[in-house]
$ cat query_9.pdb   # PDB, C-alpha atoms, pLDDT in the B column
ATOM      1  CA  MET A   1     -39.981 -38.033-181.093  1.00 52.00           C
ATOM      2  CA  LEU A   2     -38.140 -36.433-178.161  1.00 51.00           C
ATOM      3  CA  ARG A   3     -37.274 -39.794-176.620  1.00 52.00           C
ATOM      4  CA  HIS A   4     -35.974 -41.034-179.969  1.00 52.00           C
ATOM      5  CA  ALA A   5     -33.861 -37.913-180.454  1.00 53.00           C
ATOM      6  CA  THR A   6     -32.188 -38.063-177.047  1.00 52.00           C
ATOM      7  CA  ARG A   7     -31.504 -41.791-177.257  1.00 52.00           C
ATOM      8  CA  LEU A   8     -29.830 -41.458-180.669  1.00 48.00           C
ATOM      9  CA  LEU A   9     -27.417 -38.887-179.242  1.00 55.00           C
ATOM     10  CA  THR A  10     -26.070 -41.028-176.416  1.00 54.00           C
ATOM     11  CA  ARG A  11     -23.000 -43.211-176.623  1.00 51.00           C
ATOM     12  CA  PRO A  12     -24.284 -46.810-177.068  1.00 48.00           C
ATOM     13  CA  SER A  13     -22.045 -48.450-174.452  1.00 46.00           C
ATOM     14  CA  ALA A  14     -22.894 -45.901-171.750  1.00 45.00           C
ATOM     15  CA  THR A  15     -26.602 -46.066-172.499  1.00 42.00           C
ATOM     16  CA  ALA A  16     -26.700 -49.851-172.366  1.00 45.00           C
ATOM     17  CA  ALA A  17     -24.793 -49.943-169.082  1.00 46.00           C
ATOM     18  CA  ALA A  18     -27.064 -47.310-167.552  1.00 46.00           C
ATOM     19  CA  ALA A  19     -30.185 -49.180-168.640  1.00 44.00           C
ATOM     20  CA  ARG A  20     -28.938 -52.376-166.999  1.00 44.00           C
ATOM     21  CA  ALA A  21     -27.970 -50.599-163.790  1.00 45.00           C
ATOM     22  CA  ARG A  22     -31.143 -48.584-163.257  1.00 44.00           C
ATOM     23  CA  PRO A  23     -34.006 -50.263-161.387  1.00 42.00           C
ATOM     24  CA  PHE A  24     -37.595 -49.773-162.400  1.00 40.00           C
ATOM     25  CA  SER A  25     -39.257 -46.971-160.502  1.00 40.00           C
ATOM     26  CA  THR A  26     -41.847 -49.261-158.909  1.00 39.00           C
ATOM     27  CA  ALA A  27     -39.395 -51.973-157.834  1.00 40.00           C
ATOM     28  CA  GLY A  28     -39.631 -52.835-154.175  1.00 42.00           C
ATOM     29  CA  VAL A  29     -42.755 -50.768-153.616  1.00 39.00           C
ATOM     30  CA  PRO A  30     -45.717 -52.915-152.554  1.00 42.00           C
ATOM     31  CA  ALA A  31     -48.651 -52.613-154.943  1.00 42.00           C
ATOM     32  CA  VAL A  32     -51.484 -52.455-152.434  1.00 42.00           C
ATOM     33  CA  PRO A  33     -54.812 -51.824-154.158  1.00 46.00           C
ATOM     34  CA  VAL A  34     -56.398 -48.568-153.078  1.00 47.00           C
ATOM     35  CA  GLY A  35     -59.495 -46.747-154.155  1.00 52.00           C
ATOM     36  CA  ASP A  36     -63.225 -46.597-153.680  1.00 65.00           C
ATOM     37  CA  SER A  37     -64.474 -49.772-151.974  1.00 77.00           C
ATOM     38  CA  ALA A  38     -67.787 -49.665-153.853  1.00 80.00           C
ATOM     39  CA  PHE A  39     -65.900 -49.549-157.161  1.00 77.00           C
ATOM     40  CA  LEU A  40     -63.738 -52.507-156.143  1.00 80.00           C
ATOM     41  CA  GLU A  41     -66.772 -54.545-155.136  1.00 84.00           C
ATOM     42  CA  SER A  42     -68.541 -53.729-158.408  1.00 84.00           C
ATOM     43  CA  TRP A  43     -65.420 -54.631-160.365  1.00 82.00           C
ATOM     44  CA  LYS A  44     -65.185 -58.039-158.677  1.00 86.00           C
ATOM     45  CA  LYS A  45     -68.826 -58.766-159.506  1.00 87.00           C
ATOM     46  CA  VAL A  46     -68.458 -57.881-163.184  1.00 87.00           C
ATOM     47  CA  ILE A  47     -64.895 -59.125-163.821  1.00 86.00           C
ATOM     48  CA  PRO A  48     -64.035 -61.570-161.037  1.00 85.00           C
ATOM     49  CA  ASN A  49     -61.066 -63.115-162.871  1.00 88.00           C
ATOM     50  CA  MET A  50     -59.154 -59.854-163.431  1.00 85.00           C
ATOM     51  CA  ASP A  51     -57.482 -57.599-160.886  1.00 81.00           C
ATOM     52  CA  PRO A  52     -58.861 -54.035-160.739  1.00 77.00           C
ATOM     53  CA  PRO A  53     -56.735 -51.334-162.393  1.00 72.00           C
ATOM     54  CA  LYS A  54     -54.094 -49.611-160.300  1.00 65.00           C
ATOM     55  CA  THR A  55     -53.459 -45.875-160.355  1.00 58.00           C
ATOM     56  CA  PRO A  56     -50.111 -44.145-159.729  1.00 53.00           C
ATOM     57  CA  GLN A  57     -51.242 -43.606-156.135  1.00 54.00           C
ATOM     58  CA  VAL A  58     -50.745 -47.336-155.576  1.00 53.00           C
ATOM     59  CA  PHE A  59     -47.007 -46.946-156.055  1.00 53.00           C
ATOM     60  CA  MET A  60     -46.529 -43.712-154.107  1.00 56.00           C
ATOM     61  CA  GLN A  61     -45.400 -43.726-150.518  1.00 58.00           C
ATOM     62  CA  PRO A  62     -47.061 -41.311-148.074  1.00 59.00           C
ATOM     63  CA  ARG A  63     -45.439 -37.896-147.809  1.00 63.00           C
ATOM     64  CA  PRO A  64     -44.402 -36.683-144.358  1.00 63.00           C
ATOM     65  CA  PRO A  65     -46.294 -33.652-143.010  1.00 70.00           C
ATOM     66  CA  THR A  66     -45.058 -30.128-143.652  1.00 69.00           C
ATOM     67  CA  PRO A  67     -42.431 -29.385-140.976  1.00 69.00           C
ATOM     68  CA  SER A  68     -42.757 -26.407-138.648  1.00 75.00           C
ATOM     69  CA  SER A  69     -39.279 -25.179-139.663  1.00 80.00           C
ATOM     70  CA  ILE A  70     -37.500 -25.284-143.015  1.00 82.00           C
ATOM     71  CA  PRO A  71     -35.387 -28.450-143.405  1.00 85.00           C
ATOM     72  CA  SER A  72     -31.699 -28.162-144.267  1.00 90.00           C
ATOM     73  CA  LYS A  73     -32.098 -30.456-147.289  1.00 93.00           C
ATOM     74  CA  LEU A  74     -34.376 -30.797-150.301  1.00 94.00           C
ATOM     75  CA  THR A  75     -35.598 -34.359-150.919  1.00 93.00           C
ATOM     76  CA  VAL A  76     -35.714 -35.148-154.642  1.00 94.00           C
ATOM     77  CA  ASN A  77     -37.434 -37.952-156.511  1.00 93.00           C
ATOM     78  CA  PHE A  78     -36.474 -38.001-160.195  1.00 94.00           C
ATOM     79  CA  VAL A  79     -38.268 -40.612-162.293  1.00 92.00           C
ATOM     80  CA  LEU A  80     -38.696 -41.599-165.924  1.00 90.00           C
ATOM     81  CA  PRO A  81     -41.467 -43.802-167.363  1.00 86.00           C
ATOM     82  CA  TYR A  82     -39.140 -46.811-167.205  1.00 85.00           C
ATOM     83  CA  ALA A  83     -36.699 -46.051-164.360  1.00 85.00           C
ATOM     84  CA  SER A  84     -35.984 -44.158-161.162  1.00 88.00           C
ATOM     85  CA  GLU A  85     -32.910 -41.945-161.363  1.00 90.00           C
ATOM     86  CA  LEU A  86     -33.101 -40.470-157.851  1.00 91.00           C
ATOM     87  CA  SER A  87     -35.206 -41.817-155.007  1.00 90.00           C
ATOM     88  CA  ALA A  88     -35.631 -39.713-151.854  1.00 90.00           C
ATOM     89  CA  LYS A  89     -32.220 -38.130-152.501  1.00 92.00           C
ATOM     90  CA  GLU A  90     -31.397 -35.365-150.017  1.00 94.00           C
ATOM     91  CA  VAL A  91     -29.664 -32.474-151.802  1.00 96.00           C
ATOM     92  CA  ASP A  92     -28.956 -28.792-151.280  1.00 95.00           C
ATOM     93  CA  MET A  93     -30.633 -27.509-154.432  1.00 96.00           C
ATOM     94  CA  ALA A  94     -32.074 -28.501-157.798  1.00 96.00           C
ATOM     95  CA  ILE A  95     -32.244 -26.292-160.884  1.00 95.00           C
ATOM     96  CA  ILE A  96     -34.906 -27.330-163.362  1.00 96.00           C
ATOM     97  CA  PRO A  97     -35.553 -26.168-166.955  1.00 94.00           C
ATOM     98  CA  ALA A  98     -39.117 -24.881-166.611  1.00 95.00           C
ATOM     99  CA  THR A  99     -40.979 -23.439-169.581  1.00 93.00           C
ATOM    100  CA  THR A 100     -40.926 -20.096-167.766  1.00 92.00           C
ATOM    101  CA  GLY A 101     -37.123 -20.211-167.383  1.00 91.00           C
ATOM    102  CA  GLN A 102     -34.480 -21.845-165.197  1.00 92.00           C
ATOM    103  CA  MET A 103     -36.001 -22.475-161.774  1.00 94.00           C
ATOM    104  CA  GLY A 104     -33.925 -22.956-158.634  1.00 95.00           C
ATOM    105  CA  VAL A 105     -35.511 -25.090-155.919  1.00 95.00           C
ATOM    106  CA  LEU A 106     -34.228 -24.891-152.339  1.00 94.00           C
ATOM    107  CA  PRO A 107     -35.571 -26.401-149.093  1.00 93.00           C
ATOM    108  CA  GLY A 108     -38.753 -24.588-148.070  1.00 90.00           C
ATOM    109  CA  HIS A 109     -39.717 -23.660-151.640  1.00 92.00           C
ATOM    110  CA  VAL A 110     -43.361 -22.713-152.060  1.00 90.00           C
ATOM    111  CA  ALA A 111     -45.583 -25.484-153.458  1.00 89.00           C
ATOM    112  CA  THR A 112     -45.399 -25.287-157.250  1.00 91.00           C
ATOM    113  CA  ILE A 113     -46.189 -27.282-160.388  1.00 93.00           C
ATOM    114  CA  ALA A 114     -43.902 -26.484-163.321  1.00 95.00           C
ATOM    115  CA  GLU A 115     -43.938 -27.771-166.880  1.00 96.00           C
ATOM    116  CA  LEU A 116     -40.475 -28.710-168.105  1.00 95.00           C
ATOM    117  CA  LYS A 117     -38.875 -28.003-171.475  1.00 92.00           C
ATOM    118  CA  PRO A 118     -35.793 -29.510-173.162  1.00 90.00           C
ATOM    119  CA  GLY A 119     -32.821 -28.447-171.085  1.00 92.00           C
ATOM    120  CA  VAL A 120     -30.507 -29.240-168.191  1.00 92.00           C
ATOM    121  CA  LEU A 121     -31.606 -30.467-164.783  1.00 95.00           C
ATOM    122  CA  SER A 122     -28.805 -29.979-162.260  1.00 95.00           C
ATOM    123  CA  VAL A 123     -28.793 -31.484-158.791  1.00 95.00           C
ATOM    124  CA  HIS A 124     -26.442 -29.853-156.248  1.00 95.00           C
ATOM    125  CA  GLU A 125     -25.123 -31.731-153.233  1.00 93.00           C
ATOM    126  CA  GLY A 126     -22.312 -29.836-151.557  1.00 90.00           C
ATOM    127  CA  ASN A 127     -19.597 -29.311-154.171  1.00 91.00           C
ATOM    128  CA  GLU A 128     -20.927 -32.148-156.313  1.00 92.00           C
ATOM    129  CA  VAL A 129     -23.236 -31.261-159.216  1.00 92.00           C
ATOM    130  CA  THR A 130     -24.994 -33.915-161.310  1.00 93.00           C
ATOM    131  CA  LYS A 131     -26.448 -32.789-164.623  1.00 93.00           C
ATOM    132  CA  TYR A 132     -29.040 -34.461-166.845  1.00 94.00           C
ATOM    133  CA  PHE A 133     -30.482 -33.401-170.157  1.00 93.00           C
ATOM    134  CA  ILE A 134     -34.265 -33.871-170.078  1.00 92.00           C
ATOM    135  CA  SER A 135     -36.692 -33.705-172.978  1.00 88.00           C
ATOM    136  CA  SER A 136     -39.881 -32.613-171.209  1.00 89.00           C
ATOM    137  CA  GLY A 137     -42.084 -33.407-168.226  1.00 94.00           C
ATOM    138  CA  PHE A 138     -43.336 -31.852-165.003  1.00 95.00           C
ATOM    139  CA  ALA A 139     -41.924 -30.909-161.613  1.00 95.00           C
ATOM    140  CA  PHE A 140     -44.070 -31.012-158.487  1.00 93.00           C
ATOM    141  CA  ILE A 141     -42.592 -28.993-155.635  1.00 92.00           C
ATOM    142  CA  HIS A 142     -44.293 -29.770-152.325  1.00 89.00           C
ATOM    143  CA  ALA A 143     -44.500 -27.561-149.249  1.00 84.00           C
ATOM    144  CA  ASN A 144     -42.682 -30.178-147.168  1.00 86.00           C
ATOM    145  CA  SER A 145     -39.424 -29.655-149.120  1.00 90.00           C
ATOM    146  CA  TYR A 146     -40.019 -32.631-151.402  1.00 91.00           C
ATOM    147  CA  ALA A 147     -39.605 -32.312-155.163  1.00 93.00           C
ATOM    148  CA  ASP A 148     -40.978 -34.879-157.599  1.00 93.00           C
ATOM    149  CA  ILE A 149     -39.463 -34.469-161.063  1.00 95.00           C
ATOM    150  CA  ILE A 150     -41.026 -36.560-163.822  1.00 93.00           C
ATOM    151  CA  ALA A 151     -39.353 -36.505-167.231  1.00 93.00           C
ATOM    152  CA  VAL A 152     -40.316 -38.229-170.479  1.00 91.00           C
ATOM    153  CA  GLU A 153     -36.661 -38.910-171.283  1.00 90.00           C
ATOM    154  CA  ALA A 154     -33.376 -38.001-169.610  1.00 92.00           C
ATOM    155  CA  VAL A 155     -29.692 -38.782-169.994  1.00 91.00           C
ATOM    156  CA  PRO A 156     -26.609 -37.684-168.031  1.00 92.00           C
ATOM    157  CA  ILE A 157     -24.822 -34.832-169.810  1.00 90.00           C
ATOM    158  CA  ASP A 158     -21.518 -36.733-169.918  1.00 88.00           C
ATOM    159  CA  GLN A 159     -23.123 -39.498-172.000  1.00 89.00           C
ATOM    160  CA  ILE A 160     -24.108 -37.184-174.875  1.00 88.00           C
ATOM    161  CA  ASP A 161     -21.962 -37.239-178.009  1.00 89.00           C
ATOM    162  CA  PRO A 162     -21.287 -33.629-179.162  1.00 89.00           C
ATOM    163  CA  GLY A 163     -20.596 -34.765-182.724  1.00 90.00           C
ATOM    164  CA  LEU A 164     -24.011 -36.364-183.049  1.00 91.00           C
ATOM    165  CA  VAL A 165     -25.639 -33.247-181.619  1.00 89.00           C
ATOM    166  CA  GLN A 166     -24.037 -31.041-184.287  1.00 91.00           C
ATOM    167  CA  LYS A 167     -24.943 -33.505-187.029  1.00 92.00           C
ATOM    168  CA  GLY A 168     -28.550 -33.759-185.845  1.00 91.00           C
ATOM    169  CA  LEU A 169     -28.924 -29.995-185.584  1.00 92.00           C
ATOM    170  CA  ALA A 170     -27.705 -29.537-189.153  1.00 94.00           C
ATOM    171  CA  GLU A 171     -30.017 -32.275-190.460  1.00 93.00           C
ATOM    172  CA  PHE A 172     -33.132 -30.932-188.742  1.00 93.00           C
ATOM    173  CA  THR A 173     -32.320 -27.358-189.780  1.00 93.00           C
ATOM    174  CA  GLN A 174     -32.170 -28.556-193.385  1.00 93.00           C
ATOM    175  CA  LYS A 175     -35.445 -30.473-192.997  1.00 92.00           C
ATOM    176  CA  LEU A 176     -37.124 -27.382-191.565  1.00 91.00           C
ATOM    177  CA  SER A 177     -36.065 -25.214-194.509  1.00 90.00           C
ATOM    178  CA  SER A 178     -37.281 -27.779-197.052  1.00 90.00           C
ATOM    179  CA  ALA A 179     -40.485 -28.892-195.260  1.00 88.00           C
ATOM    180  CA  SER A 180     -43.570 -28.615-197.451  1.00 90.00           C
ATOM    181  CA  THR A 181     -46.346 -29.655-195.052  1.00 92.00           C
ATOM    182  CA  GLU A 182     -47.341 -28.485-191.582  1.00 93.00           C
ATOM    183  CA  LEU A 183     -46.551 -31.939-190.153  1.00 93.00           C
ATOM    184  CA  GLU A 184     -43.062 -31.918-191.658  1.00 91.00           C
ATOM    185  CA  LYS A 185     -42.470 -28.404-190.321  1.00 92.00           C
ATOM    186  CA  ALA A 186     -43.659 -29.366-186.836  1.00 93.00           C
ATOM    187  CA  GLU A 187     -41.472 -32.493-186.693  1.00 91.00           C
ATOM    188  CA  ALA A 188     -38.436 -30.599-187.984  1.00 92.00           C
ATOM    189  CA  GLN A 189     -39.013 -27.759-185.501  1.00 92.00           C
ATOM    190  CA  ILE A 190     -39.093 -30.228-182.607  1.00 89.00           C
ATOM    191  CA  GLY A 191     -35.793 -31.665-183.811  1.00 90.00           C
ATOM    192  CA  VAL A 192     -34.237 -28.205-184.082  1.00 91.00           C
ATOM    193  CA  ASP A 193     -35.464 -27.195-180.621  1.00 89.00           C
ATOM    194  CA  VAL A 194     -34.163 -30.355-178.938  1.00 87.00           C
ATOM    195  CA  HIS A 195     -30.781 -30.283-180.667  1.00 89.00           C
ATOM    196  CA  SER A 196     -30.381 -26.557-179.993  1.00 89.00           C
ATOM    197  CA  ALA A 197     -31.063 -27.182-176.294  1.00 88.00           C
ATOM    198  CA  LEU A 198     -28.602 -30.080-176.323  1.00 87.00           C
ATOM    199  CA  ASN A 199     -25.962 -27.899-177.973  1.00 86.00           C
ATOM    200  CA  SER A 200     -26.498 -25.160-175.382  1.00 85.00           C
ATOM    201  CA  ALA A 201     -26.236 -27.729-172.584  1.00 83.00           C
ATOM    202  CA  LEU A 202     -22.889 -28.967-173.867  1.00 84.00           C
ATOM    203  CA  THR A 203     -21.372 -25.558-174.559  1.00 80.00           C
ATOM    204  CA  GLY A 204     -22.893 -23.672-171.614  1.00 67.00           C
TER     205      GLY A 204
END
$ encode --input "query_9.pdb" --output "structure tokens"
Amino acid sequence: MLRHATRLLTRPSATAAAARARPFSTAGVPAVPVGDSAFLESWKKVIPNMDPPKTPQVFMQPRPPTPSSIPSKLTVNFVLPYASELSAKEVDMAIIPATTGQMGVLPGHVATIAELKPGVLSVHEGNEVTKYFISSGFAFIHANSYADIIAVEAVPIDQIDPGLVQKGLAEFTQKLSSASTELEKAEAQIGVDVHSALNSALTG
């Protein structure tokens, strides 16, 4: 629902170009099987013709140890289910839309896990600020000044069509007022929440 809503609000040409330009998040990362050796041996005995399942750990590179002093930069990984937006990008700060409120992340931030809500993720590098609208997800802030941001759907702010946002907000507001079942109310409320957040992102 959230992915569908955000994709409908992007300009088609920009979305298509971005999709072609973005590599898959696991591209270039060797998929080396890891896990319990006893499990792997048992798997080969039972299903010798099929590779054992791989977990996300297979595609993750080792994190460096926590430094003795606070680094000058925050290293950000920003991924979607189908693409990697930022990979080991060194920035000055990231501001994420956590469910508890806007959360600023600087180098040396305490280790934190934050649930994300529809809103703006901004990445600050010097005077340059890159903004994305994200639907939901989680942020994992590590003690070694690494931040892993995983979103269900995201799109650069400048690719969102304000006219479609206003139209969608009006449509979902109407659906919410006329909904007769709990399912219809829930779906309409999600649409209102996402479009309201989009509208705030564009006008804020």
$ residues_near_point --input "query_9.pdb" --point "(-36.3, -23.4, -164.4)" --cutoff "10 Å" --atoms "only C-alpha atoms" --output "list in words"
Ala94, Ile95, Ile96, Pro97, Ala98, Thr99, Thr100, Gly101, Gln102, Met103, Gly104, Val105, Ala114, Glu115, Leu116, Lys117, Gly119, Val120, Leu121 and Ala139 of chain A
$ write_last_selection --input "query_9.pdb" --atoms "C-alpha atoms" --output "CSV table (one decimal), in the frame of the given file"
chain,number,residue,atom,x,y,z
A,94,ALA,CA,-32.1,-28.5,-157.8
A,95,ILE,CA,-32.2,-26.3,-160.9
A,96,ILE,CA,-34.9,-27.3,-163.4
A,97,PRO,CA,-35.6,-26.2,-167.0
A,98,ALA,CA,-39.1,-24.9,-166.6
A,99,THR,CA,-41.0,-23.4,-169.6
A,100,THR,CA,-40.9,-20.1,-167.8
A,101,GLY,CA,-37.1,-20.2,-167.4
A,102,GLN,CA,-34.5,-21.8,-165.2
A,103,MET,CA,-36.0,-22.5,-161.8
A,104,GLY,CA,-33.9,-23.0,-158.6
A,105,VAL,CA,-35.5,-25.1,-155.9
A,114,ALA,CA,-43.9,-26.5,-163.3
A,115,GLU,CA,-43.9,-27.8,-166.9
A,116,LEU,CA,-40.5,-28.7,-168.1
A,117,LYS,CA,-38.9,-28.0,-171.5
A,119,GLY,CA,-32.8,-28.4,-171.1
A,120,VAL,CA,-30.5,-29.2,-168.2
A,121,LEU,CA,-31.6,-30.5,-164.8
A,139,ALA,CA,-41.9,-30.9,-161.6
$ resolve_selection --input "query_9.pdb" --expression "the PyMOL selection byres ((chain A and resi 130) around 12)" --output "list in words"
Glu85, Leu86, Val91, Asp92, Met93, Ala94, Ile95, Val120, Leu121, Ser122, Val123, His124, Glu125, Gly126, Asn127, Glu128, Val129, Lys131, Tyr132, Phe133, Val155, Pro156, Ile157 and Asp158 of chain A
$ residues_around --input "query_9.pdb" --residues "region 181-198 of chain A" --least-positions-apart "2" --cutoff "10 Å" --atoms "only C-alpha atoms" --output "ChimeraX atom specification"
/A:1-2,5-6,9,117-120,133-136,157,160-162,164-179,200-204
$ atom_distance --input "query_9.pdb" --atom1 "CA of Asn49 (chain A)" --atom2 "CA of Ala83 (chain A)"
29.8 Å
$ closest_residue --input "query_9.pdb" --among "A:Ser68, A:Ser42, A:Thr112, A:Asn199" --to "Gly163 (chain A)" --atoms "all atoms listed in the file"
A:Asn199
$ atom_distance --input "query_9.pdb" --atom1 "CA of Leu80 (chain A)" --atom2 "CA of Ile149 (chain A)"
8.7 Å
$ atom_distance --input "query_9.pdb" --atom1 "CA of Ser37 (chain A)" --atom2 "CA of Met50 (chain A)"
16.2 Å
$ resolve_selection --input "query_9.pdb" --expression "the PyMOL selection byres ((chain A and resi 143) around 7)" --output "count of residues only"
9
